[in-house]
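J.: Below is the file target09.cif, with mmCIF, C-alpha atoms and all ligand atoms.
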data_work
loop_
_atom_site.label_atom_id
_atom_site.label_comp_id
_atom_site.auth_asym_id
_atom_site.auth_seq_id
_atom_site.Cartn_x
_atom_site.Cartn_y
_atom_site.Cartn_z
CA MET A 1 58.47 139.89 94.93
CA THR A 2 57.87 136.31 93.87
CA THR A 3 55.08 135.58 91.48
CA PRO A 4 52.92 132.63 92.54
CA ALA A 5 53.27 129.69 90.18
CA VAL A 6 50.31 129.26 87.85
CA ASP A 7 49.60 125.89 86.30
CA ALA A 8 48.83 126.95 82.76
CA ARG A 9 48.60 123.45 81.33
CA PRO A 10 45.28 123.06 79.58
CA THR A 11 43.08 120.38 81.10
CA SER A 12 41.29 119.80 77.80
CA PRO A 13 42.61 119.32 74.28
CA LEU A 14 43.10 122.48 72.24
CA VAL A 15 40.38 122.58 69.62
CA ALA A 16 41.58 123.30 66.09
CA ARG A 17 38.55 122.92 63.82
CA ALA A 18 35.24 121.11 63.45
CA GLU A 19 33.09 119.84 60.62
CA GLY A 20 29.81 117.94 60.67
CA CYS A 21 29.79 115.62 63.68
CA TRP A 22 33.58 115.78 64.11
CA ILE A 23 35.92 117.97 66.13
CA TYR A 24 39.71 117.98 65.66
CA ASP A 25 42.37 119.07 68.12
CA GLU A 26 45.72 120.73 67.48
CA ASP A 27 47.47 117.34 67.47
CA GLY A 28 45.19 116.11 64.69
CA ARG A 29 43.13 113.77 66.88
CA ASP A 30 39.49 113.38 65.91
CA TYR A 31 36.56 113.37 68.33
CA LEU A 32 33.04 112.33 67.42
CA ASP A 33 30.74 114.95 68.92
CA GLY A 34 28.32 112.60 70.66
CA SER A 35 26.63 115.35 72.66
CA SER A 36 26.59 118.26 70.17
CA GLY A 37 28.83 120.05 72.67
CA THR A 38 26.22 120.56 75.35
CA LEU A 39 23.18 119.69 73.18
CA CYS A 40 23.83 122.82 71.20
CA VAL A 41 25.28 122.10 67.76
CA ASN A 42 22.13 120.41 66.47
CA ILE A 43 22.94 120.81 62.76
CA GLY A 44 26.59 119.86 63.08
CA HIS A 45 29.70 122.02 62.82
CA GLY A 46 30.86 124.22 59.96
CA VAL A 47 27.67 124.25 57.87
CA ARG A 48 28.52 126.34 54.84
CA GLU A 49 25.10 128.02 54.45
CA VAL A 50 25.26 129.31 58.03
CA LEU A 51 28.83 130.55 57.72
CA ASP A 52 27.95 132.33 54.46
CA ALA A 53 24.89 133.97 56.03
CA MET A 54 27.03 135.16 58.95
CA ALA A 55 29.77 136.50 56.68
CA GLU A 56 27.23 138.34 54.55
CA GLN A 57 25.54 139.85 57.60
CA ALA A 58 28.88 140.78 59.17
CA GLY A 59 29.71 142.68 55.99
CA ARG A 60 26.48 144.71 56.33
CA VAL A 61 26.05 145.42 60.03
CA CYS A 62 26.93 143.45 63.17
CA PHE A 63 25.30 145.65 65.77
CA ALA A 64 22.45 148.13 65.91
CA HIS A 65 20.64 148.54 69.21
CA ARG A 66 17.01 147.45 69.21
CA SER A 67 15.93 150.72 70.86
CA GLN A 68 17.33 152.63 67.88
CA PHE A 69 16.77 150.32 64.88
CA VAL A 70 14.95 147.20 63.87
CA ASN A 71 17.06 144.77 61.88
CA GLN A 72 15.95 142.52 59.03
CA PRO A 73 17.53 139.24 60.25
CA ALA A 74 15.73 139.60 63.61
CA LEU A 75 12.44 140.38 61.84
CA ASP A 76 12.88 137.37 59.57
CA LEU A 77 13.94 135.15 62.46
CA THR A 78 10.85 136.13 64.43
CA ALA A 79 8.67 135.22 61.43
CA GLU A 80 10.51 131.90 61.06
CA ILE A 81 10.10 131.01 64.76
CA HIS A 82 6.38 131.82 64.55
CA ALA A 83 6.08 129.65 61.44
CA VAL A 84 7.86 126.59 62.85
CA THR A 85 6.00 126.80 66.17
CA GLY A 86 2.61 127.02 64.43
CA HIS A 87 1.92 130.65 65.47
CA ALA A 88 1.20 129.41 69.01
CA PHE A 89 3.02 132.39 70.56
CA ARG A 90 2.47 136.13 70.38
CA GLU A 91 5.93 137.54 70.76
CA ILE A 92 9.58 136.50 70.78
CA VAL A 93 11.86 138.18 73.33
CA TYR A 94 15.52 137.70 72.40
CA THR A 95 18.37 137.08 74.85
CA ASN A 96 22.00 135.99 74.58
CA SER A 97 21.68 132.67 76.38
CA GLY A 98 19.32 130.15 77.90
CA SER A 99 19.95 131.57 81.38
CA GLU A 100 18.87 135.01 80.21
CA ALA A 101 15.79 133.50 78.58
CA THR A 102 14.87 132.12 82.01
CA GLU A 103 15.45 135.57 83.54
CA ALA A 104 13.23 137.15 80.87
CA ALA A 105 10.50 134.59 81.60
CA LEU A 106 10.71 135.30 85.35
CA ARG A 107 10.49 139.05 84.76
CA LEU A 108 7.47 138.59 82.50
CA VAL A 109 5.76 136.30 85.02
CA LEU A 110 6.13 138.86 87.81
CA HIS A 111 5.06 141.77 85.56
CA HIS A 112 2.05 139.78 84.36
CA HIS A 113 0.67 139.19 87.84
CA ALA A 114 1.50 142.71 89.06
CA VAL A 115 -0.34 144.23 86.10
CA LEU A 116 -3.35 142.00 86.82
CA GLY A 117 -3.37 143.26 90.42
CA ALA A 118 -1.86 140.11 91.93
CA ALA A 119 1.57 141.40 93.00
CA ASP A 120 1.58 138.85 95.85
CA ARG A 121 2.03 136.04 93.36
CA VAL A 122 5.78 135.69 93.63
CA VAL A 123 6.54 132.01 94.23
CA VAL A 124 7.83 129.99 91.28
CA LEU A 125 7.47 126.22 91.57
CA SER A 126 10.04 124.18 89.66
CA GLN A 127 11.04 120.54 89.30
CA TYR A 128 13.65 118.69 91.29
CA PRO A 129 16.00 117.88 89.69
CA SER A 130 16.23 120.68 87.14
CA TYR A 131 18.57 123.24 85.69
CA HIS A 132 17.50 126.60 84.27
CA GLY A 133 20.77 128.54 84.07
CA MET A 134 23.61 130.17 86.02
CA THR A 135 22.26 133.71 86.43
CA ALA A 136 20.81 134.58 89.85
CA GLY A 137 17.11 134.14 89.08
CA ALA A 138 17.62 131.08 86.89
CA LEU A 139 19.85 129.25 89.34
CA GLY A 140 17.53 130.33 92.14
CA ILE A 141 14.70 128.25 90.68
CA SER A 142 16.94 125.34 89.62
CA GLY A 143 16.78 122.05 91.48
CA HIS A 144 20.55 121.62 91.15
CA PRO A 145 22.26 121.77 94.58
CA GLN A 146 25.82 121.29 93.26
CA ARG A 147 25.71 124.34 91.02
CA ARG A 148 24.27 126.39 93.92
CA THR A 149 27.03 125.48 96.38
CA ASN A 150 28.15 128.62 98.31
CA LEU A 151 25.69 130.76 96.36
CA ASP A 152 22.56 130.61 98.50
CA ALA A 153 22.97 134.25 99.47
CA LEU A 154 22.35 135.14 95.82
CA HIS A 155 19.41 132.84 95.40
CA HIS A 156 17.17 132.91 98.44
CA THR A 157 14.31 135.09 97.31
CA PRO A 158 10.53 134.68 97.53
CA VAL A 159 10.65 133.54 93.90
CA SER A 160 13.06 130.70 94.61
CA VAL A 161 11.50 128.87 97.53
CA GLY A 162 9.47 126.33 95.61
CA THR A 163 11.43 123.39 94.24
CA VAL A 164 8.98 120.46 94.03
CA ARG A 165 10.53 117.07 94.83
CA PRO A 166 9.12 113.62 94.12
CA ASP A 167 7.57 112.12 97.27
CA ASP A 168 10.01 109.20 96.88
CA PRO A 169 13.70 110.10 96.12
CA GLY A 170 13.93 107.01 93.89
CA LYS A 171 11.43 108.60 91.46
CA ALA A 172 12.92 110.62 88.63
CA PHE A 173 10.47 113.56 88.66
CA PRO A 174 7.62 114.84 90.88
CA GLU A 175 4.18 113.57 89.89
CA LEU A 176 1.04 115.63 89.36
CA SER A 177 -0.08 114.96 92.95
CA ASP A 178 3.25 116.43 94.20
CA TRP A 179 2.61 119.62 92.19
CA VAL A 180 -0.99 119.91 93.43
CA ALA A 181 0.20 119.45 97.02
CA ALA A 182 2.90 122.12 96.52
CA VAL A 183 0.39 124.64 95.12
CA ASP A 184 -1.94 123.94 98.07
CA ARG A 185 0.92 124.29 100.55
CA VAL A 186 2.07 127.67 99.17
CA GLY A 187 -1.47 128.84 98.42
CA ALA A 188 -2.62 129.15 94.80
CA ASP A 189 -2.91 132.94 95.10
CA ARG A 190 0.82 133.15 95.94
CA VAL A 191 2.07 130.99 93.07
CA ALA A 192 3.26 132.95 90.04
CA ALA A 193 4.43 130.14 87.74
CA ILE A 194 5.24 126.48 87.36
CA VAL A 195 8.46 125.80 85.43
CA VAL A 196 9.21 122.38 83.96
CA GLU A 197 11.64 120.75 81.56
CA PRO A 198 9.61 118.49 79.23
CA VAL A 199 12.66 116.27 78.85
CA GLY A 200 15.14 116.90 81.64
CA CYS A 201 18.72 116.88 80.39
CA ALA A 202 21.67 118.22 82.42
CA ALA A 203 19.99 117.68 85.79
CA SER A 204 18.00 114.49 85.27
CA GLY A 205 19.66 112.71 82.34
CA GLY A 206 16.89 112.29 79.78
CA THR A 207 13.92 111.97 82.13
CA VAL A 208 10.75 112.53 80.13
CA LEU A 209 7.94 114.40 81.86
CA PRO A 210 4.89 112.19 81.19
CA GLU A 211 2.37 113.77 78.82
CA ALA A 212 -0.43 113.18 81.34
CA THR A 213 1.52 115.17 83.96
CA LEU A 214 2.05 118.02 81.51
CA ARG A 215 -1.65 118.08 80.63
CA GLY A 216 -2.51 117.97 84.34
CA LEU A 217 -0.17 120.90 84.99
CA ARG A 218 -1.82 122.88 82.19
CA GLU A 219 -5.24 122.27 83.78
CA LEU A 220 -3.89 123.15 87.23
CA CYS A 221 -2.45 126.42 85.87
CA ASP A 222 -5.67 127.28 84.00
CA ARG A 223 -7.70 126.63 87.15
CA THR A 224 -5.49 128.72 89.43
CA GLY A 225 -4.21 131.56 87.21
CA VAL A 226 -0.63 130.28 87.48
CA LEU A 227 1.52 130.65 84.33
CA LEU A 228 3.05 127.50 82.84
CA VAL A 229 6.65 127.88 81.67
CA THR A 230 8.52 125.15 79.81
CA ASP A 231 12.31 125.24 79.63
CA GLU A 232 13.22 124.11 76.11
CA VAL A 233 16.77 125.46 76.12
CA MET A 234 18.12 121.95 75.49
CA THR A 235 15.07 120.40 73.85
CA GLY A 236 13.84 123.19 71.56
CA PHE A 237 14.14 123.39 67.78
CA GLY A 238 14.21 119.75 66.82
CA ARG A 239 16.26 117.87 69.39
CA THR A 240 13.43 115.62 70.57
CA GLY A 241 11.87 115.07 67.14
CA SER A 242 9.49 118.02 67.30
CA TRP A 243 10.03 121.77 67.12
CA LEU A 244 9.12 122.08 70.79
CA ALA A 245 9.12 119.00 73.01
CA HIS A 246 6.24 120.03 75.27
CA THR A 247 3.71 120.52 72.46
CA GLU A 248 3.77 116.78 71.72
CA SER A 249 1.40 116.42 74.68
CA GLY A 250 -1.12 118.76 73.01
CA VAL A 251 -0.35 121.41 75.63
CA VAL A 252 0.97 124.89 74.84
CA ALA A 253 2.88 126.67 77.60
CA ASP A 254 2.38 130.34 78.41
CA LEU A 255 6.12 130.98 78.14
CA VAL A 256 8.90 128.88 76.61
CA THR A 257 12.59 129.47 77.21
CA THR A 258 14.98 128.51 74.40
CA GLY A 259 18.67 128.87 73.50
CA LYS A 260 21.36 126.40 72.42
CA GLY A 261 19.81 124.71 69.33
CA LEU A 262 18.15 127.99 68.26
CA SER A 263 21.46 129.15 66.85
CA ALA A 264 23.20 125.76 67.10
CA GLY A 265 26.27 127.35 68.65
CA TYR A 266 27.10 129.51 65.64
CA SER A 267 26.56 132.74 67.59
CA PRO A 268 25.11 133.29 71.09
CA LEU A 269 21.33 133.57 71.10
CA GLY A 270 18.41 132.70 73.35
CA ALA A 271 14.74 133.56 73.20
CA CYS A 272 11.68 133.53 75.37
CA LEU A 273 8.53 132.66 73.43
CA VAL A 274 5.64 134.59 74.92
CA GLY A 275 2.10 133.25 74.71
CA HIS A 276 -1.09 135.20 74.02
CA SER A 277 -2.18 134.95 77.67
CA VAL A 278 0.86 136.81 79.05
CA LEU A 279 0.63 140.57 79.68
CA PRO A 280 -2.37 140.98 77.36
CA GLY A 281 -2.29 144.18 75.35
CA ARG A 282 1.31 144.99 76.32
CA SER A 283 4.68 144.55 74.65
CA ALA A 284 6.56 141.72 76.32
CA SER A 285 9.86 142.93 74.82
CA ASP A 286 9.39 146.34 76.47
CA ALA A 287 8.46 144.73 79.79
CA ALA A 288 11.34 142.23 79.79
CA VAL A 289 13.88 144.93 78.74
CA GLY A 290 17.10 142.89 78.36
CA HIS A 291 20.76 143.20 77.54
CA THR A 292 22.73 145.24 75.02
CA MET A 293 23.36 142.41 72.54
CA ASN A 294 19.88 140.90 72.57
CA GLY A 295 18.61 140.27 69.05
CA ASN A 296 21.79 141.56 67.43
CA PRO A 297 21.80 141.21 63.62
CA LEU A 298 24.71 138.78 63.44
CA SER A 299 23.28 136.22 65.88
CA ALA A 300 19.85 136.62 64.28
CA ALA A 301 21.29 135.96 60.81
CA ALA A 302 23.09 132.86 62.07
CA SER A 303 19.98 131.55 63.78
CA LEU A 304 17.77 132.24 60.76
CA ALA A 305 20.14 130.24 58.58
CA VAL A 306 20.16 127.43 61.17
CA LEU A 307 16.35 127.19 61.29
CA ARG A 308 16.12 127.26 57.48
CA TYR A 309 18.73 124.48 57.32
CA ILE A 310 16.68 122.38 59.76
CA VAL A 311 13.55 122.89 57.64
CA ARG A 312 15.30 122.24 54.31
CA HIS A 313 16.94 119.04 55.52
CA ASN A 314 13.94 117.70 57.47
CA LEU A 315 16.07 117.42 60.59
CA VAL A 316 13.12 117.35 62.98
CA GLU A 317 11.79 114.22 61.29
CA ARG A 318 15.30 112.85 61.07
CA ALA A 319 15.77 113.29 64.83
CA ARG A 320 12.90 110.85 65.28
CA THR A 321 14.12 108.19 62.85
CA THR A 322 17.84 108.34 63.67
CA GLY A 323 16.92 108.71 67.34
CA ALA A 324 14.96 105.45 67.34
CA LEU A 325 17.98 103.64 65.93
CA LEU A 326 20.31 105.32 68.40
CA ARG A 327 18.08 104.33 71.33
CA GLU A 328 18.05 100.71 70.17
CA ARG A 329 21.83 100.54 69.83
CA LEU A 330 22.46 102.27 73.16
CA ALA A 331 20.00 99.89 74.87
CA GLU A 332 21.94 96.89 73.49
CA LEU A 333 25.22 98.36 74.71
CA ALA A 334 23.91 99.39 78.15
CA ALA A 335 22.45 95.90 78.72
CA ARG A 336 26.00 94.48 78.72
CA TYR A 337 27.20 96.32 81.84
CA PRO A 338 25.96 96.07 85.43
CA PHE A 339 26.43 99.80 86.02
CA THR A 340 24.47 101.11 83.01
CA GLY A 341 20.68 101.33 82.79
CA PRO A 342 18.39 101.47 79.74
CA PRO A 343 18.44 104.79 77.85
CA ARG A 344 15.81 107.38 78.72
CA GLY A 345 14.87 110.29 76.51
CA ARG A 346 13.25 111.11 73.20
CA GLY A 347 14.35 111.82 69.63
CA MET A 348 18.09 112.53 69.66
CA VAL A 349 18.64 112.93 73.39
CA TRP A 350 19.30 109.80 75.42
CA GLY A 351 20.47 109.49 78.99
CA ILE A 352 22.08 106.26 80.13
CA ARG A 353 21.59 105.90 83.89
CA LEU A 354 24.82 105.09 85.74
CA ARG A 355 24.56 103.03 88.89
CA GLN A 356 26.95 104.10 91.64
CA SER A 357 26.69 104.22 95.43
CA ALA A 358 26.00 107.56 97.12
CA ASP A 359 29.52 107.43 98.62
CA GLY A 360 31.14 106.63 95.29
CA PHE A 361 29.21 109.51 93.69
CA ALA A 362 30.33 111.93 96.42
CA ALA A 363 33.98 110.88 95.92
CA GLU A 364 33.88 111.20 92.13
CA PRO A 365 30.78 110.93 89.96
CA LEU A 366 31.12 108.04 87.53
CA ALA A 367 29.53 110.15 84.76
CA ARG A 368 32.35 112.67 84.90
CA ARG A 369 35.01 109.94 84.84
CA LEU A 370 33.30 108.12 82.00
CA CYS A 371 33.17 111.32 79.94
CA LEU A 372 36.93 111.83 80.40
CA VAL A 373 37.62 108.21 79.44
CA ALA A 374 35.29 108.53 76.42
CA ARG A 375 37.22 111.59 75.28
CA THR A 376 40.45 109.58 75.32
CA CYS A 377 38.58 107.09 73.10
CA GLY A 378 37.71 109.95 70.70
CA LEU A 379 34.11 110.48 71.79
CA ILE A 380 32.53 113.55 73.39
CA VAL A 381 29.58 112.82 75.69
CA TYR A 382 28.08 114.86 78.52
CA PRO A 383 27.67 114.07 82.24
CA ALA A 384 24.25 114.68 83.76
CA GLY A 385 22.49 114.36 87.10
CA VAL A 386 22.51 116.02 90.51
CA ASP A 387 22.94 112.92 92.71
CA HIS A 388 23.52 109.16 92.53
CA HIS A 389 19.85 108.61 91.65
CA SER A 390 19.85 110.88 88.60
CA GLN A 391 23.46 110.42 87.47
CA SER A 392 23.55 109.69 83.73
CA LEU A 393 25.58 109.91 80.59
CA LEU A 394 23.92 112.09 77.94
CA VAL A 395 24.27 110.98 74.33
CA ALA A 396 22.87 113.60 71.98
CA PRO A 397 24.79 113.89 68.70
CA PRO A 398 23.91 116.36 65.94
CA LEU A 399 20.59 115.57 64.23
CA THR A 400 22.58 115.11 61.01
CA LEU A 401 24.38 111.99 62.33
CA ALA A 402 24.92 109.46 59.53
CA GLU A 403 24.38 105.74 60.12
CA SER A 404 28.12 105.01 59.80
CA GLU A 405 28.78 107.71 62.41
CA LEU A 406 26.17 106.15 64.68
CA ASP A 407 28.07 102.84 64.43
CA GLU A 408 31.31 104.63 65.27
CA LEU A 409 29.69 106.41 68.23
CA VAL A 410 28.51 103.10 69.69
CA ARG A 411 31.91 101.53 69.06
CA ARG A 412 33.79 104.34 70.83
CA LEU A 413 31.31 104.39 73.73
CA GLY A 414 31.71 100.62 74.04
CA ALA A 415 35.50 101.09 74.25
CA ALA A 416 35.06 103.65 77.04
CA LEU A 417 32.72 101.35 78.98
CA GLU A 418 35.28 98.53 78.62
CA HIS A 419 37.99 100.77 80.08
CA ILE A 420 35.77 101.56 83.04
CA THR A 421 34.94 97.88 83.53
CA ALA A 422 38.58 96.86 83.26
CA GLY A 423 39.93 99.00 85.99
CA GLU A 424 37.90 101.85 87.11
CA ALA A 425 34.33 100.91 88.15
CA ARG A 426 33.84 101.70 91.84
C1 LIG A 501 17.44 123.18 80.50
C2 LIG A 501 18.41 124.32 80.51
N1 LIG A 501 17.97 125.55 80.76
C3 LIG A 501 18.80 126.61 80.77
C4 LIG A 501 20.15 126.46 80.51
C5 LIG A 501 21.07 127.65 80.52
O1 LIG A 501 21.46 127.97 79.23
P1 LIG A 501 22.82 128.77 78.95
O2 LIG A 501 23.94 127.89 79.35
O3 LIG A 501 22.77 129.07 77.49
O4 LIG A 501 22.75 130.01 79.77
C6 LIG A 501 20.65 125.19 80.23
C7 LIG A 501 22.08 124.99 79.95
O5 LIG A 501 22.60 123.92 79.95
C8 LIG A 501 19.76 124.09 80.24
O6 LIG A 501 20.19 122.85 80.01
#
Could you write out this structure as structure tokens?
Ligand SMILES: Cc1ncc(COP(=O)(O)O)c(C=O)c1O

T.:
Amino acid sequence: MTTPAVDARPTSPLVARAEGCWIYDEDGRDYLDGSSGTLCVNIGHGVREVLDAMAEQAGRVCFAHRSQFVNQPALDLTAEIHAVTGHAFREIVYTNSGSEATEAALRLVLHHHAVLGAADRVVVLSQYPSYHGMTAGALGISGHPQRRTNLDALHHTPVSVGTVRPDDPGKAFPELSDWVAAVDRVGADRVAAIVVEPVGCAASGGTVLPEATLRGLRELCDRTGVLLVTDEVMTGFGRTGSWLAHTESGVVADLVTTGKGLSAGYSPLGACLVGHSVLPGRSASDAAVGHTMNGNPLSAAASLAVLRYIVRHNLVERARTTGALLRERLAELAARYPFTGPPRGRGMVWGIRLRQSADGFAAEPLARRLCLVARTCGLIVYPAGVDHHSQSLLVAPPLTLAESELDELVRRLGAALEHITAGEAR
């Protein structure tokens, strides 16, 4: 019997180690982490305090199931999350990822309405474009056609029928009038929740949901009994220059999904922040149930150390000041090329729009090619967008980025853009 040949060559460099804003491969090449991985490593790599906290916790206990024990790191983490979010939420439901946080939010939304005698409220309205995760429920409500390819059988449910598109495909996000029309079309008594990303990242490349739209959505939800969910998996815990991006509008969501920056990539962790209005008088953690590893002591200890590091080093404030400088420098760079638009975003997440024809995008998205070229120039950046309208390059380095590193980031990105201009722009 012949064994089929397998191409085992790695398509990416083999990572060896990482420190601060830098990643090194096995051949000793350095890469500036210009996107914090996937907007995850907000405090930078290899932070000693976090590694020490993890080692200490690992020496005590790595796993104890939440149905059998409470654990101190999770208790302390819950207190820390309440403190940094101004006690705006009642309960924290832990998960292992952002996708699972979305699933937890969806379960809580459906339980909430069923308990209130409105079990017919099952439609979730979400933004187009958007991304809420790869699990069935989360992808089902995502406005991200590429990631759903071949998977519709998993995702067509009553919950998933309500992606709200802008009335004009050239617009980045739906406007308040589009949301009101969608609620009217479905019928307010059938809508369970509205889910939005306050700053859209992977799907819309730094598109900021206007504060007036967010406030309008809050009013719409209050008027109709619909729950407002904000997805802060990419934006939460400092990335945009505030602990939660959506609260900058003065609005507080009923449920907030988080992940990534919560543990900054040190150990898998997500969380759904549950507001006072949701399932009144009941335990959200009991209702959401969850997975074996949720809230495990090791991830909780890592995350607690991460949040304390952010507080101690004023990284939320720093995201605003360094972010303003980064925006300015990226705007100067983008203005030099016909295929790059002005950066969109907030704090330390900026999306540079990439202009490419629909045909060119279908053949090979420029964002993906640019990211590969950037990596050969020693810079990691992240491709975003679901079509040629939203296609962008996400620049979102750790919040700890030093000014000299910012200069180096812009220099390496400039080199990548020159390569594209020299031979590759289509
Ligand atoms: C806005 C948003 N929500 C949810 C997710 C899913 O998170 P995870 O990959 O941790 O499951 C992501 C991941 O990129 C995201 O960007």

J.: So which one's closest to ligand LIG 501 (chain A), A:Leu227, A:Ala153, A:Val47, A:Ala271? Using all atoms listed in the file, please.

T.: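 Looking at the shortest contact to ligand LIG 501 (chain A), the residue is A:Ala271.
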
J.: Per residue of chain A within 9 Å of ligand LIG 501 (chain A), note the shortest atom pair and the distance in Å to one decimal, counting all atoms listed in the file, and order the rows by chain and increasing residue number, as a tab-separated table.

T.:
residue	atom	partner	partner_atom	distance
A:Thr38	CA	A:LIG501	O5	6.7
A:Leu39	CA	A:LIG501	O5	8.0
A:Cys40	CA	A:LIG501	O5	8.9
A:Asn96	CA	A:LIG501	O3	7.5
A:Ser97	CA	A:LIG501	O3	3.9
A:Gly98	CA	A:LIG501	O1	3.3
A:Ser99	CA	A:LIG501	O4	3.6
A:Glu100	CA	A:LIG501	O4	6.3
A:Ala101	CA	A:LIG501	C3	7.8
A:Thr102	CA	A:LIG501	C3	6.9
A:Ser130	CA	A:LIG501	C1	7.2
A:Tyr131	CA	A:LIG501	C2	5.3
A:His132	CA	A:LIG501	N1	3.7
A:Gly133	CA	A:LIG501	C5	3.7
A:Met134	CA	A:LIG501	O4	6.3
A:Thr135	CA	A:LIG501	O4	7.6
A:Ala138	CA	A:LIG501	C3	7.7
A:Ser142	CA	A:LIG501	N1	8.9
A:Val196	CA	A:LIG501	C1	9.0
A:Glu197	CA	A:LIG501	C1	6.4
A:Val199	CA	A:LIG501	C1	8.6
A:Gly200	CA	A:LIG501	C1	6.8
A:Cys201	CA	A:LIG501	O6	6.2
A:Ala202	CA	A:LIG501	O6	5.4
A:Ala203	CA	A:LIG501	O6	7.8
A:Asp231	CA	A:LIG501	C1	5.6
A:Glu232	CA	A:LIG501	C1	6.2
A:Val233	CA	A:LIG501	N1	4.8
A:Met234	CA	A:LIG501	O6	5.1
A:Thr235	CA	A:LIG501	C1	7.6
A:Thr257	CA	A:LIG501	N1	7.5
A:Thr258	CA	A:LIG501	N1	7.6
A:Gly259	CA	A:LIG501	O3	5.7
A:Lys260	CA	A:LIG501	O3	5.9
A:Pro268	CA	A:LIG501	O3	8.0
A:Leu269	CA	A:LIG501	O3	7.9
A:Gly270	CA	A:LIG501	O3	7.0

J.: Taking (7.3, 128.2, 81.5) in the coordinates of the supplied file, I want to know which residues reach to within 8 Å of it, counting all atoms listed in the file; could you give the answer as a PDB file with C-alpha atoms, in the frame of the given file?

T.:
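Wrote it out as out12.pdb, contents follow:
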ATOM      1  CA  ALA A 105      10.500 134.590  81.600  1.00  0.00           C
ATOM      2  CA  ALA A 193       4.430 130.140  87.740  1.00  0.00           C
ATOM      3  CA  ILE A 194       5.240 126.480  87.360  1.00  0.00           C
ATOM      4  CA  VAL A 195       8.460 125.800  85.430  1.00  0.00           C
ATOM      5  CA  VAL A 196       9.210 122.380  83.960  1.00  0.00           C
ATOM      6  CA  LEU A 227       1.520 130.650  84.330  1.00  0.00           C
ATOM      7  CA  LEU A 228       3.050 127.500  82.840  1.00  0.00           C
ATOM      8  CA  VAL A 229       6.650 127.880  81.670  1.00  0.00           C
ATOM      9  CA  THR A 230       8.520 125.150  79.810  1.00  0.00           C
ATOM     10  CA  ASP A 231      12.310 125.240  79.630  1.00  0.00           C
ATOM     11  CA  ALA A 253       2.880 126.670  77.600  1.00  0.00           C
ATOM     12  CA  ASP A 254       2.380 130.340  78.410  1.00  0.00           C
ATOM     13  CA  LEU A 255       6.120 130.980  78.140  1.00  0.00           C
ATOM     14  CA  VAL A 256       8.900 128.880  76.610  1.00  0.00           C
ATOM     15  CA  THR A 257      12.590 129.470  77.210  1.00  0.00           C
TER      16      THR A 257
END

J.: Between A:Val191, A:Leu209, A:Val226, A:Ala74, which is the closest to A:Thr247 once you count all atoms listed in the file?

T.: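 Of A:Val191, A:Leu209, A:Val226, A:Ala74, the one nearest A:Thr247 is A:Leu209, counting all atoms listed in the file.
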
J.: Would you write out, as JSON lines, a table of all residues in stretch 97-209 of chain A that have an atom no more than 7 Å from an atom of stretch 331-349 of chain A, listing for each the closest atom pair and the distance in Å to one decimal, considering all atoms listed in the file and ordering rows by chain and rising residue number?

T.:
{"residue": "A:Val199", "atom": "CA", "partner": "A:Gly345", "partner_atom": "CA", "distance": 6.8}
{"residue": "A:Gly206", "atom": "CA", "partner": "A:Gly345", "partner_atom": "CA", "distance": 4.3}
{"residue": "A:Thr207", "atom": "CA", "partner": "A:Gly345", "partner_atom": "CA", "distance": 5.9}
{"residue": "A:Val208", "atom": "CA", "partner": "A:Gly345", "partner_atom": "CA", "distance": 5.9}

J.: Quick one: distance from atom CA of A:Gly238 to atom CA of A:Arg215 in Å, one decimal?

T.: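 Between atom CA of A:Gly238 and atom CA of A:Arg215 the gap works out to 21.1 Å.
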